[in-house]
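Working notes, beginning with the structure itself.
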There are 2 protein chains.
Amino acid sequence: MSSEKIPYKIYLTEEEMPKNWYNVRADMKVKPAPLVNPGTLQPMTAADLAPVFCDELIAQELDNDTRLVPIPDEILGFYKMYRPSPLVRAYCLEEKLGTPAHIYYKFEGNNTSGSHKLNSAIAQAYYAKKQGLKGVTTETGAGQWGTALSMACAYLGLDCKVYMVKVSYEQKPFRREVMRTYGASVTPSPSMETSVGRKILAEHPGTTGSLGCAISEAVEVATSNPGYRYVLGSVLNQVLLHQSVIGLETKIALDKYGIVPDIIIGCAGGGSNLGGLISPFMGEKLRGERDYRIIAVEPASCPSFTRGKFAYDFCDTGMICPLAKMYTLGAGFIPSPNHAGGLRFHGMSPVLSQLYHDGYMEAVSVEQTAVFEAAEFFARTEGILPAPESSHAIKVAIDEAKKCAETGEAKNIVFGLTGTGYFDLVAYEQYNNGTMTDHIPTDEELAVGLAGLPKQPEL
Amino acid sequence: MSSEKIPYKIYLTEEEMPKNWYNVRADMKVKPAPLVNPGTLQPMTAADLAPVFCDELIAQELDNDTRLVPIPDEILGFYKMYRPSPLVRAYCLEEKLGTPAHIYYKFEGNNTSGSHKLNSAIAQAYYAKKQGLKGVTTETGAGQWGTALSMACAYLGLDCKVYMVKVSYEQKPFRREVMRTYGASVTPSPSMETSVGRKILAEHPGTTGSLGCAISEAVEVATSNPGYRYVLGSVLNQVLLHQSVIGLETKIALDKYGIVPDIIIGCAGGGSNLGGLISPFMGEKLRGERDYRIIAVEPASCPSFTRGKFAYDFCDTGMICPLAKMYTLGAGFIPSPNHAGGLRFHGMSPVLSQLYHDGYMEAVSVEQTAVFEAAEFFARTEGILPAPESSHAIKVAIDEAKKCAETGEAKNIVFGLTGTGYFDLVAYEQYNNGTMTDHIPTDEELAVGLAGLPKQPEL
């Protein structure tokens, strides 16, 4: 079909929306390495995971074989409230760039959580409800995941306890209030509510908290309160499964117009968005049906793919969770303050790590000020103020479109616009004032984190 | 068509989008009273208005006869970036309310300005650009209009000077930063940049500003700088014309499914949203083709329709603008602090005022805490955190749906969801903390504002 007929926004009808999630692991020849018990160094069983996670989610986590997982009707109903998300043809951006490339972005920000996180939040809350649980606990840093989970829990009438890194709790009161409006209890971490929190506060009375500490508190509350489980918004296989809805909708929309992407670009923190966006395309690539160039974009300040090590490591800085085999900078790595809070994770989804290791995708790192420059340009051109995380993908999409302008190639570039930046305006203010800086860790700084990797299992 | 087939969200295709704005004045038997020169008390001519407003916009302002005004292609292109906005069937809300009513809302919040204001901002910026102007000036209180205008100007490469009421500038730094990201200059008002600002600061050194003062500064800058004009986001006839796109899209979407609304509800501050939403329906009513119940909802703290007077008054508290005949509380009326900043205007669109006066619509006033209670319920049920302004309409839509639950009537209720509340979380925090209060002005308080009405013209 000719490009003249492609609308600014491609929306699927409700009938066209995917009815199944797609499990990319089913098509991987080398499966992602299993989660491992940090004590025994043996693979975690469903029984090992049951005190922490919901049963059905554990089954999804461990299932490397089922290709299509039906989306329950209740979740489909919730999806219809805020999905399908539009696949946008960036006509204005193309014109401003003077590029022959055709640029498309899948925009996941048109919901109150402001990001794609809601896709997995509703799934995880649903299975918790189905199991008859009272509630769930989680941690949040930047706040998008906590907001999404509180929305899902409000909808299902489930209790939601969010442990929010204290510095974020204080600096992002608006994120906190959205979660409270959705009925979640939001506790600054470390708190006096848990033994781990009390211990940390006794040792470090002035601490402003960390994601690792918040995870430890959320897990403790989940495992010590009957009827509660812990949920997580990224990294895990189950999260990538739920997020496959992004990529599936994208593919259906592209197929409707006969568009075949040449390059697919996504930002990568823990991997939830990237893994979801690329999944059906990666499936075709794994099955040898079609080839795509797939690019993960990460911040230069936290370069897990590009400068990390593929090894077993803890997912949390508190080192209480199972070990996962992934590209990691070490659980002890502390990235410099970087406003793309959602990309500050030291590790990476085991699925994506394996795919990257096996050569199915590329990775690049970009610096923060260049990212905000792209974000501002995009906002003024396409009318959407992007989240800092998403803007990493924008930066590389623009770079690729500029290359097309030089070569004259009319490539189809698809990128994931994961969310909006309405709660990130402190960072935009820094950029607007010219006070934003970049930080690229030295090899010595990276060596510190990598030196702390745990004993590697022999599987 | 049966209700089973109505999707959660009705999106028009690009081809179905309106190509013309609709001017409801063409169908009014009694036209809105003309703007009047406060000195001569004679109707303002195009020449009188030319130093302040763009020529084409003046023509639209004064044209009571042309029914359909073609939307220029450039504006249509911009509309396609963020429109059509969805008409949402509130299935989840209906279920939670246990009502047989069918509830629909036209959601205008899915753009970075966060509201419907963008519909007129791009039109006004376009005509300024077409006239060869360098830029436009405006004032902003809550910040939605200023944000919308800065987005439109960034797109067209037009300079944008926003005078932001100082108290908002300080309390809403995020709104300010969005505008700056879009390249607007944002000046806290009163400022030292204008003679009126300097005068006010000399007299009241500690003042935190007012909308009236910000208007005065914006008008002074527009009239004293070659190549600049002043633009306004509500009240004016031209704004209602541009905002008719809301109602036109709504009607096309309803017609697609054979749905005839029984009740149409919108919040009313200056009238931009309500006037736009109801326009095509009001047109049918004016032409005697069909009857609809149309309800304007205003805050009890600023009740122009329900307790104001239908008289000529200044639009600005600075009393430098033309007089408009409208329901007003008096330009000197100071509403109590109310977080629905967009509804704190003392007057009302002359078009809507005339229609209300002639019995074509109803008006009710609601109190703030009840509005936030409805907002929270809506957020938890429909997944969208609404703007306080929009929540006035939600409150009355819910009330009407509850009446249907009692009577068993399956009425079709349509309301305008003008925007999102992401920048209103200070108000939500007050509500969440239980510290929000209501204030209904006493008759004595209202008498003060009404006593200040200017000498009435004899036309």
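Each chain in the structure tokens gets a letter, A, B and so on, in the order shown; residues start at 1 in every chain, and ligands are counted from 1 in the order they appear.
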message: Run DSSP on the backbone and tell me which residues of range 174-374 of chain A come out as alpha helix (DSSP H); list them as a PyMOL selection string.
response: chain A and resi 174-181+195-203+211-224+237-256+272-286+304-307+350-357+368-374
Give me, as a PDB file with all heavy atoms, in the first residue's frame, the residues of chain A touching chain B, with the criterion being at most 7 Å (counting only C-alpha atoms).
ATOM      1  N   PRO A   7      -2.323   6.631   7.725  1.00  0.00           N
ATOM      2  CA  PRO A   7      -2.754   7.764   8.549  1.00  0.00           C
ATOM      3  C   PRO A   7      -1.681   8.146   9.581  1.00  0.00           C
ATOM      4  O   PRO A   7      -0.709   7.419   9.781  1.00  0.00           O
ATOM      5  CB  PRO A   7      -4.003   7.228   9.247  1.00  0.00           C
ATOM      6  CG  PRO A   7      -3.841   5.752   9.257  1.00  0.00           C
ATOM      7  CD  PRO A   7      -3.038   5.395   8.041  1.00  0.00           C
ATOM      8  N   TYR A   8      -1.871   9.296  10.183  1.00  0.00           N
ATOM      9  CA  TYR A   8      -0.940   9.727  11.233  1.00  0.00           C
ATOM     10  C   TYR A   8      -0.899   8.705  12.368  1.00  0.00           C
ATOM     11  O   TYR A   8       0.140   8.457  12.951  1.00  0.00           O
ATOM     12  CB  TYR A   8      -1.375  11.076  11.801  1.00  0.00           C
ATOM     13  CG  TYR A   8      -0.999  12.282  10.984  1.00  0.00           C
ATOM     14  CD1 TYR A   8      -1.537  12.495   9.720  1.00  0.00           C
ATOM     15  CD2 TYR A   8      -0.099  13.229  11.477  1.00  0.00           C
ATOM     16  CE1 TYR A   8      -1.197  13.606   8.969  1.00  0.00           C
ATOM     17  CE2 TYR A   8       0.242  14.350  10.733  1.00  0.00           C
ATOM     18  CZ  TYR A   8      -0.308  14.539   9.483  1.00  0.00           C
ATOM     19  OH  TYR A   8       0.029  15.642   8.745  1.00  0.00           O
ATOM     20  N   GLU A  14     -11.119  -3.136  18.229  1.00  0.00           N
ATOM     21  CA  GLU A  14     -11.096  -4.078  19.359  1.00  0.00           C
ATOM     22  C   GLU A  14     -10.970  -5.516  18.866  1.00  0.00           C
ATOM     23  O   GLU A  14     -10.320  -6.341  19.506  1.00  0.00           O
ATOM     24  CB  GLU A  14     -12.355  -3.920  20.204  1.00  0.00           C
ATOM     25  CG  GLU A  14     -12.298  -2.665  21.065  1.00  0.00           C
ATOM     26  CD  GLU A  14     -13.499  -2.511  21.976  1.00  0.00           C
ATOM     27  OE1 GLU A  14     -14.319  -3.434  22.073  1.00  0.00           O
ATOM     28  OE2 GLU A  14     -13.585  -1.445  22.610  1.00  0.00           O
ATOM     29  N   LYS A  80      -8.884  -2.880  27.044  1.00  0.00           N
ATOM     30  CA  LYS A  80      -9.719  -2.077  26.143  1.00  0.00           C
ATOM     31  C   LYS A  80      -9.998  -0.688  26.700  1.00  0.00           C
ATOM     32  O   LYS A  80     -10.405   0.196  25.957  1.00  0.00           O
ATOM     33  CB  LYS A  80     -11.034  -2.815  25.851  1.00  0.00           C
ATOM     34  CG  LYS A  80     -10.855  -3.974  24.894  1.00  0.00           C
ATOM     35  CD  LYS A  80     -12.156  -4.739  24.685  1.00  0.00           C
ATOM     36  CE  LYS A  80     -11.892  -6.015  23.881  1.00  0.00           C
ATOM     37  NZ  LYS A  80     -13.054  -6.929  23.918  1.00  0.00           N
ATOM     38  N   MET A  81      -9.806  -0.500  27.998  1.00  0.00           N
ATOM     39  CA  MET A  81      -9.977   0.848  28.558  1.00  0.00           C
ATOM     40  C   MET A  81      -8.886   1.794  28.056  1.00  0.00           C
ATOM     41  O   MET A  81      -9.110   2.986  27.913  1.00  0.00           O
ATOM     42  CB  MET A  81      -9.900   0.807  30.094  1.00  0.00           C
ATOM     43  CG  MET A  81     -11.196   0.410  30.744  1.00  0.00           C
ATOM     44  SD  MET A  81     -11.364   1.055  32.419  1.00  0.00           S
ATOM     45  CE  MET A  81      -9.734   0.875  33.107  1.00  0.00           C
ATOM     46  N   ASN A 110      -0.387   7.006  26.691  1.00  0.00           N
ATOM     47  CA  ASN A 110      -1.736   7.561  26.853  1.00  0.00           C
ATOM     48  C   ASN A 110      -2.568   6.838  27.904  1.00  0.00           C
ATOM     49  O   ASN A 110      -3.681   6.413  27.650  1.00  0.00           O
ATOM     50  CB  ASN A 110      -2.478   7.521  25.515  1.00  0.00           C
ATOM     51  CG  ASN A 110      -2.273   8.810  24.741  1.00  0.00           C
ATOM     52  OD1 ASN A 110      -1.725   9.760  25.270  1.00  0.00           O
ATOM     53  ND2 ASN A 110      -2.728   8.834  23.496  1.00  0.00           N
ATOM     54  N   ASN A 111      -2.017   6.702  29.084  1.00  0.00           N
ATOM     55  CA  ASN A 111      -2.810   6.220  30.214  1.00  0.00           C
ATOM     56  C   ASN A 111      -2.231   6.887  31.451  1.00  0.00           C
ATOM     57  O   ASN A 111      -1.122   7.407  31.431  1.00  0.00           O
ATOM     58  CB  ASN A 111      -2.765   4.685  30.307  1.00  0.00           C
ATOM     59  CG  ASN A 111      -1.411   4.169  30.722  1.00  0.00           C
ATOM     60  OD1 ASN A 111      -1.018   4.269  31.879  1.00  0.00           O
ATOM     61  ND2 ASN A 111      -0.672   3.620  29.762  1.00  0.00           N
ATOM     62  N   THR A 112      -3.004   6.876  32.524  1.00  0.00           N
ATOM     63  CA  THR A 112      -2.610   7.685  33.675  1.00  0.00           C
ATOM     64  C   THR A 112      -1.299   7.231  34.320  1.00  0.00           C
ATOM     65  O   THR A 112      -0.591   8.045  34.906  1.00  0.00           O
ATOM     66  CB  THR A 112      -3.776   7.762  34.687  1.00  0.00           C
ATOM     67  OG1 THR A 112      -4.777   8.632  34.139  1.00  0.00           O
ATOM     68  CG2 THR A 112      -3.337   8.333  36.025  1.00  0.00           C
ATOM     69  N   MET A 151      -3.124   1.487  39.996  1.00  0.00           N
ATOM     70  CA  MET A 151      -4.303   1.573  39.126  1.00  0.00           C
ATOM     71  C   MET A 151      -4.942   0.202  38.941  1.00  0.00           C
ATOM     72  O   MET A 151      -6.169   0.059  39.018  1.00  0.00           O
ATOM     73  CB  MET A 151      -3.900   2.132  37.753  1.00  0.00           C
ATOM     74  CG  MET A 151      -3.538   3.599  37.774  1.00  0.00           C
ATOM     75  SD  MET A 151      -2.927   4.174  36.158  1.00  0.00           S
ATOM     76  CE  MET A 151      -4.421   4.052  35.175  1.00  0.00           C
ATOM     77  N   ALA A 154      -6.613  -0.915  42.203  1.00  0.00           N
ATOM     78  CA  ALA A 154      -7.857  -0.181  42.462  1.00  0.00           C
ATOM     79  C   ALA A 154      -8.982  -0.771  41.638  1.00  0.00           C
ATOM     80  O   ALA A 154     -10.104  -0.944  42.115  1.00  0.00           O
ATOM     81  CB  ALA A 154      -7.681   1.301  42.123  1.00  0.00           C
ATOM     82  N   TYR A 155      -8.676  -1.116  40.405  1.00  0.00           N
ATOM     83  CA  TYR A 155      -9.688  -1.664  39.503  1.00  0.00           C
ATOM     84  C   TYR A 155     -10.217  -3.008  40.003  1.00  0.00           C
ATOM     85  O   TYR A 155     -11.404  -3.296  39.908  1.00  0.00           O
ATOM     86  CB  TYR A 155      -9.085  -1.820  38.107  1.00  0.00           C
ATOM     87  CG  TYR A 155     -10.046  -2.308  37.079  1.00  0.00           C
ATOM     88  CD1 TYR A 155     -10.993  -1.457  36.524  1.00  0.00           C
ATOM     89  CD2 TYR A 155     -10.004  -3.626  36.643  1.00  0.00           C
ATOM     90  CE1 TYR A 155     -11.887  -1.905  35.568  1.00  0.00           C
ATOM     91  CE2 TYR A 155     -10.900  -4.086  35.689  1.00  0.00           C
ATOM     92  CZ  TYR A 155     -11.837  -3.218  35.147  1.00  0.00           C
ATOM     93  OH  TYR A 155     -12.712  -3.673  34.203  1.00  0.00           O
ATOM     94  N   PHE A 174       4.180  14.221  43.631  1.00  0.00           N
ATOM     95  CA  PHE A 174       3.030  14.076  42.740  1.00  0.00           C
ATOM     96  C   PHE A 174       2.810  12.615  42.359  1.00  0.00           C
ATOM     97  O   PHE A 174       1.686  12.135  42.292  1.00  0.00           O
ATOM     98  CB  PHE A 174       3.194  14.940  41.491  1.00  0.00           C
ATOM     99  CG  PHE A 174       3.081  16.411  41.766  1.00  0.00           C
ATOM    100  CD1 PHE A 174       3.293  17.333  40.764  1.00  0.00           C
ATOM    101  CD2 PHE A 174       2.756  16.885  43.041  1.00  0.00           C
ATOM    102  CE1 PHE A 174       3.179  18.695  40.997  1.00  0.00           C
ATOM    103  CE2 PHE A 174       2.642  18.249  43.293  1.00  0.00           C
ATOM    104  CZ  PHE A 174       2.857  19.157  42.269  1.00  0.00           C
ATOM    105  N   GLU A 177       1.130  11.057  45.179  1.00  0.00           N
ATOM    106  CA  GLU A 177      -0.293  11.385  45.302  1.00  0.00           C
ATOM    107  C   GLU A 177      -1.145  10.660  44.277  1.00  0.00           C
ATOM    108  O   GLU A 177      -2.300  10.350  44.551  1.00  0.00           O
ATOM    109  CB  GLU A 177      -0.508  12.899  45.209  1.00  0.00           C
ATOM    110  CG  GLU A 177      -0.036  13.659  46.436  1.00  0.00           C
ATOM    111  CD  GLU A 177      -0.570  13.098  47.748  1.00  0.00           C
ATOM    112  OE1 GLU A 177      -1.746  12.697  47.828  1.00  0.00           O
ATOM    113  OE2 GLU A 177       0.213  13.035  48.704  1.00  0.00           O
ATOM    114  N   THR A 181      -4.195   8.406  45.366  1.00  0.00           N
ATOM    115  CA  THR A 181      -5.532   8.608  44.792  1.00  0.00           C
ATOM    116  C   THR A 181      -6.113   7.279  44.330  1.00  0.00           C
ATOM    117  O   THR A 181      -7.321   7.060  44.403  1.00  0.00           O
ATOM    118  CB  THR A 181      -5.462   9.617  43.629  1.00  0.00           C
ATOM    119  OG1 THR A 181      -4.941  10.849  44.132  1.00  0.00           O
ATOM    120  CG2 THR A 181      -6.834   9.874  43.020  1.00  0.00           C
ATOM    121  N   TYR A 182      -5.239   6.380  43.901  1.00  0.00           N
ATOM    122  CA  TYR A 182      -5.688   5.049  43.507  1.00  0.00           C
ATOM    123  C   TYR A 182      -5.756   4.089  44.693  1.00  0.00           C
ATOM    124  O   TYR A 182      -5.875   2.886  44.514  1.00  0.00           O
ATOM    125  CB  TYR A 182      -4.814   4.498  42.373  1.00  0.00           C
ATOM    126  CG  TYR A 182      -5.213   5.092  41.033  1.00  0.00           C
ATOM    127  CD1 TYR A 182      -4.560   6.197  40.517  1.00  0.00           C
ATOM    128  CD2 TYR A 182      -6.294   4.578  40.339  1.00  0.00           C
ATOM    129  CE1 TYR A 182      -4.955   6.768  39.320  1.00  0.00           C
ATOM    130  CE2 TYR A 182      -6.694   5.136  39.143  1.00  0.00           C
ATOM    131  CZ  TYR A 182      -6.030   6.231  38.634  1.00  0.00           C
ATOM    132  OH  TYR A 182      -6.441   6.798  37.456  1.00  0.00           O
ATOM    133  N   GLU A 376      13.581  17.244  23.402  1.00  0.00           N
ATOM    134  CA  GLU A 376      13.022  18.572  23.162  1.00  0.00           C
ATOM    135  C   GLU A 376      12.615  18.723  21.691  1.00  0.00           C
ATOM    136  O   GLU A 376      11.531  19.229  21.377  1.00  0.00           O
ATOM    137  CB  GLU A 376      14.037  19.643  23.539  1.00  0.00           C
ATOM    138  CG  GLU A 376      13.473  21.043  23.453  1.00  0.00           C
ATOM    139  CD  GLU A 376      14.555  22.103  23.466  1.00  0.00           C
ATOM    140  OE1 GLU A 376      15.162  22.363  22.403  1.00  0.00           O
ATOM    141  OE2 GLU A 376      14.808  22.646  24.541  1.00  0.00           O
ATOM    142  N   ARG A 380       8.727  19.343  20.384  1.00  0.00           N
ATOM    143  CA  ARG A 380       8.317  20.492  19.578  1.00  0.00           C
ATOM    144  C   ARG A 380       7.789  20.078  18.210  1.00  0.00           C
ATOM    145  O   ARG A 380       7.024  20.819  17.595  1.00  0.00           O
ATOM    146  CB  ARG A 380       9.508  21.447  19.405  1.00  0.00           C
ATOM    147  CG  ARG A 380       9.936  22.087  20.718  1.00  0.00           C
ATOM    148  CD  ARG A 380      11.040  23.101  20.509  1.00  0.00           C
ATOM    149  NE  ARG A 380      11.478  23.654  21.791  1.00  0.00           N
ATOM    150  CZ  ARG A 380      12.334  24.645  21.914  1.00  0.00           C
ATOM    151  NH1 ARG A 380      12.875  25.200  20.838  1.00  0.00           N
ATOM    152  NH2 ARG A 380      12.681  25.089  23.106  1.00  0.00           N
ATOM    153  N   THR A 381       8.215  18.926  17.743  1.00  0.00           N
ATOM    154  CA  THR A 381       7.847  18.488  16.403  1.00  0.00           C
ATOM    155  C   THR A 381       6.626  17.584  16.394  1.00  0.00           C
ATOM    156  O   THR A 381       5.738  17.741  15.559  1.00  0.00           O
ATOM    157  CB  THR A 381       9.028  17.734  15.754  1.00  0.00           C
ATOM    158  OG1 THR A 381      10.210  18.511  15.926  1.00  0.00           O
ATOM    159  CG2 THR A 381       8.791  17.505  14.271  1.00  0.00           C
ATOM    160  N   GLY A 383       4.698  16.987  19.231  1.00  0.00           N
ATOM    161  CA  GLY A 383       3.665  17.405  20.179  1.00  0.00           C
ATOM    162  C   GLY A 383       3.543  16.581  21.439  1.00  0.00           C
ATOM    163  O   GLY A 383       2.646  16.803  22.229  1.00  0.00           O
ATOM    164  N   ILE A 384       4.431  15.626  21.646  1.00  0.00           N
ATOM    165  CA  ILE A 384       4.366  14.792  22.853  1.00  0.00           C
ATOM    166  C   ILE A 384       5.626  15.014  23.677  1.00  0.00           C
ATOM    167  O   ILE A 384       6.736  14.881  23.152  1.00  0.00           O
ATOM    168  CB  ILE A 384       4.250  13.294  22.498  1.00  0.00           C
ATOM    169  CG1 ILE A 384       2.956  13.021  21.744  1.00  0.00           C
ATOM    170  CG2 ILE A 384       4.340  12.426  23.758  1.00  0.00           C
ATOM    171  CD1 ILE A 384       2.883  11.632  21.129  1.00  0.00           C
ATOM    172  N   LEU A 385       5.466  15.349  24.940  1.00  0.00           N
ATOM    173  CA  LEU A 385       6.614  15.486  25.830  1.00  0.00           C
ATOM    174  C   LEU A 385       7.012  14.086  26.282  1.00  0.00           C
ATOM    175  O   LEU A 385       6.303  13.455  27.064  1.00  0.00           O
ATOM    176  CB  LEU A 385       6.246  16.353  27.044  1.00  0.00           C
ATOM    177  CG  LEU A 385       7.414  16.711  27.947  1.00  0.00           C
ATOM    178  CD1 LEU A 385       8.166  17.919  27.380  1.00  0.00           C
ATOM    179  CD2 LEU A 385       6.950  17.016  29.366  1.00  0.00           C
ATOM    180  N   LEU A 425       9.793  16.682  35.142  1.00  0.00           N
ATOM    181  CA  LEU A 425      10.104  18.047  34.722  1.00  0.00           C
ATOM    182  C   LEU A 425      11.251  18.676  35.494  1.00  0.00           C
ATOM    183  O   LEU A 425      11.798  19.698  35.073  1.00  0.00           O
ATOM    184  CB  LEU A 425       8.840  18.895  34.721  1.00  0.00           C
ATOM    185  CG  LEU A 425       8.023  18.530  33.460  1.00  0.00           C
ATOM    186  CD1 LEU A 425       6.554  18.827  33.645  1.00  0.00           C
ATOM    187  CD2 LEU A 425       8.574  19.248  32.242  1.00  0.00           C
ATOM    188  N   TYR A 428      13.843  18.077  32.956  1.00  0.00           N
ATOM    189  CA  TYR A 428      13.697  19.024  31.841  1.00  0.00           C
ATOM    190  C   TYR A 428      14.149  20.419  32.273  1.00  0.00           C
ATOM    191  O   TYR A 428      14.753  21.159  31.490  1.00  0.00           O
ATOM    192  CB  TYR A 428      12.246  19.063  31.341  1.00  0.00           C
ATOM    193  CG  TYR A 428      11.945  17.998  30.301  1.00  0.00           C
ATOM    194  CD1 TYR A 428      11.337  16.808  30.659  1.00  0.00           C
ATOM    195  CD2 TYR A 428      12.285  18.192  28.967  1.00  0.00           C
ATOM    196  CE1 TYR A 428      11.070  15.828  29.706  1.00  0.00           C
ATOM    197  CE2 TYR A 428      12.018  17.227  28.012  1.00  0.00           C
ATOM    198  CZ  TYR A 428      11.423  16.048  28.380  1.00  0.00           C
ATOM    199  OH  TYR A 428      11.158  15.093  27.438  1.00  0.00           O
ATOM    200  N   GLU A 429      13.832  20.785  33.516  1.00  0.00           N
ATOM    201  CA  GLU A 429      14.255  22.096  34.011  1.00  0.00           C
ATOM    202  C   GLU A 429      15.781  22.210  33.980  1.00  0.00           C
ATOM    203  O   GLU A 429      16.326  23.224  33.552  1.00  0.00           O
ATOM    204  CB  GLU A 429      13.722  22.326  35.435  1.00  0.00           C
ATOM    205  CG  GLU A 429      14.066  23.706  35.971  1.00  0.00           C
ATOM    206  CD  GLU A 429      13.416  23.979  37.326  1.00  0.00           C
ATOM    207  OE1 GLU A 429      12.889  23.039  37.947  1.00  0.00           O
ATOM    208  OE2 GLU A 429      13.460  25.142  37.770  1.00  0.00           O
ATOM    209  N   ASN A 432      16.687  22.680  30.426  1.00  0.00           N
ATOM    210  CA  ASN A 432      16.332  24.038  29.972  1.00  0.00           C
ATOM    211  C   ASN A 432      17.297  25.086  30.539  1.00  0.00           C
ATOM    212  O   ASN A 432      17.574  26.098  29.897  1.00  0.00           O
ATOM    213  CB  ASN A 432      14.901  24.390  30.392  1.00  0.00           C
ATOM    214  CG  ASN A 432      13.860  23.575  29.640  1.00  0.00           C
ATOM    215  OD1 ASN A 432      14.114  23.111  28.534  1.00  0.00           O
ATOM    216  ND2 ASN A 432      12.693  23.390  30.234  1.00  0.00           N
TER     217      ASN A 432
END
message: With only C-alpha atoms as the counted atoms, please give the residues lying no more than 8 Å from Glu61 in chain A, apart from itself and same-chain residues fewer than 4 positions off, as a list in words.
response: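 Surrounding residues, per the criterion: Leu57, Leu236, Asn237 and Gln238 of chain A.
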message: What parts of range 293-390 of chain B does DSSP call strand (DSSP E or B)? I'd like the answer as a PyMOL selection string.
response: chain B and resi 293-299+309-314+323-328+362-366+386
task: Find the residue from B:Pro454, B:Gly227, B:Pro303, B:Gly266 that sits nearest to His346 in chain B; use only C-alpha atoms when measuring.
output: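 Checking each of B:Pro454, B:Gly227, B:Pro303, B:Gly266 against His346 in chain B, counting only C-alpha atoms, the winner is B:Pro303.
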field: Length of the CA of Ala447 in chain A to CA of Val219 in chain A vector [Å]
entry: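 Taking CA of Ala447 in chain A and CA of Val219 in chain A, their separation equals 29.1 Å.
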message: Give me, as a PyMOL selection string, all polymer residues having an atom no more than 10 Å from Val371 in chain B, counting only C-alpha atoms and skipping those fewer than 6 positions away in the same chain.
response: chain B and resi 299+340+377+388-396
- prompt: Residues at most 12 Å from Lys285 in chain B, counting only C-alpha atoms, excluding those fewer than 4 positions away in the same chain, as a ChimeraX atom specification?
  reply: /B:24,27-29,278-281,289-294,355,359-361
task: List the neighbours of Tyr327 in chain B out to 12 Å using only C-alpha atoms; skip same-chain residues closer than 2 positions along the sequence, and give me the result as a ChimeraX atom specification.
output: /B:32-33,235,268-271,302-315,324-325,329-331,345-357,363,450,453
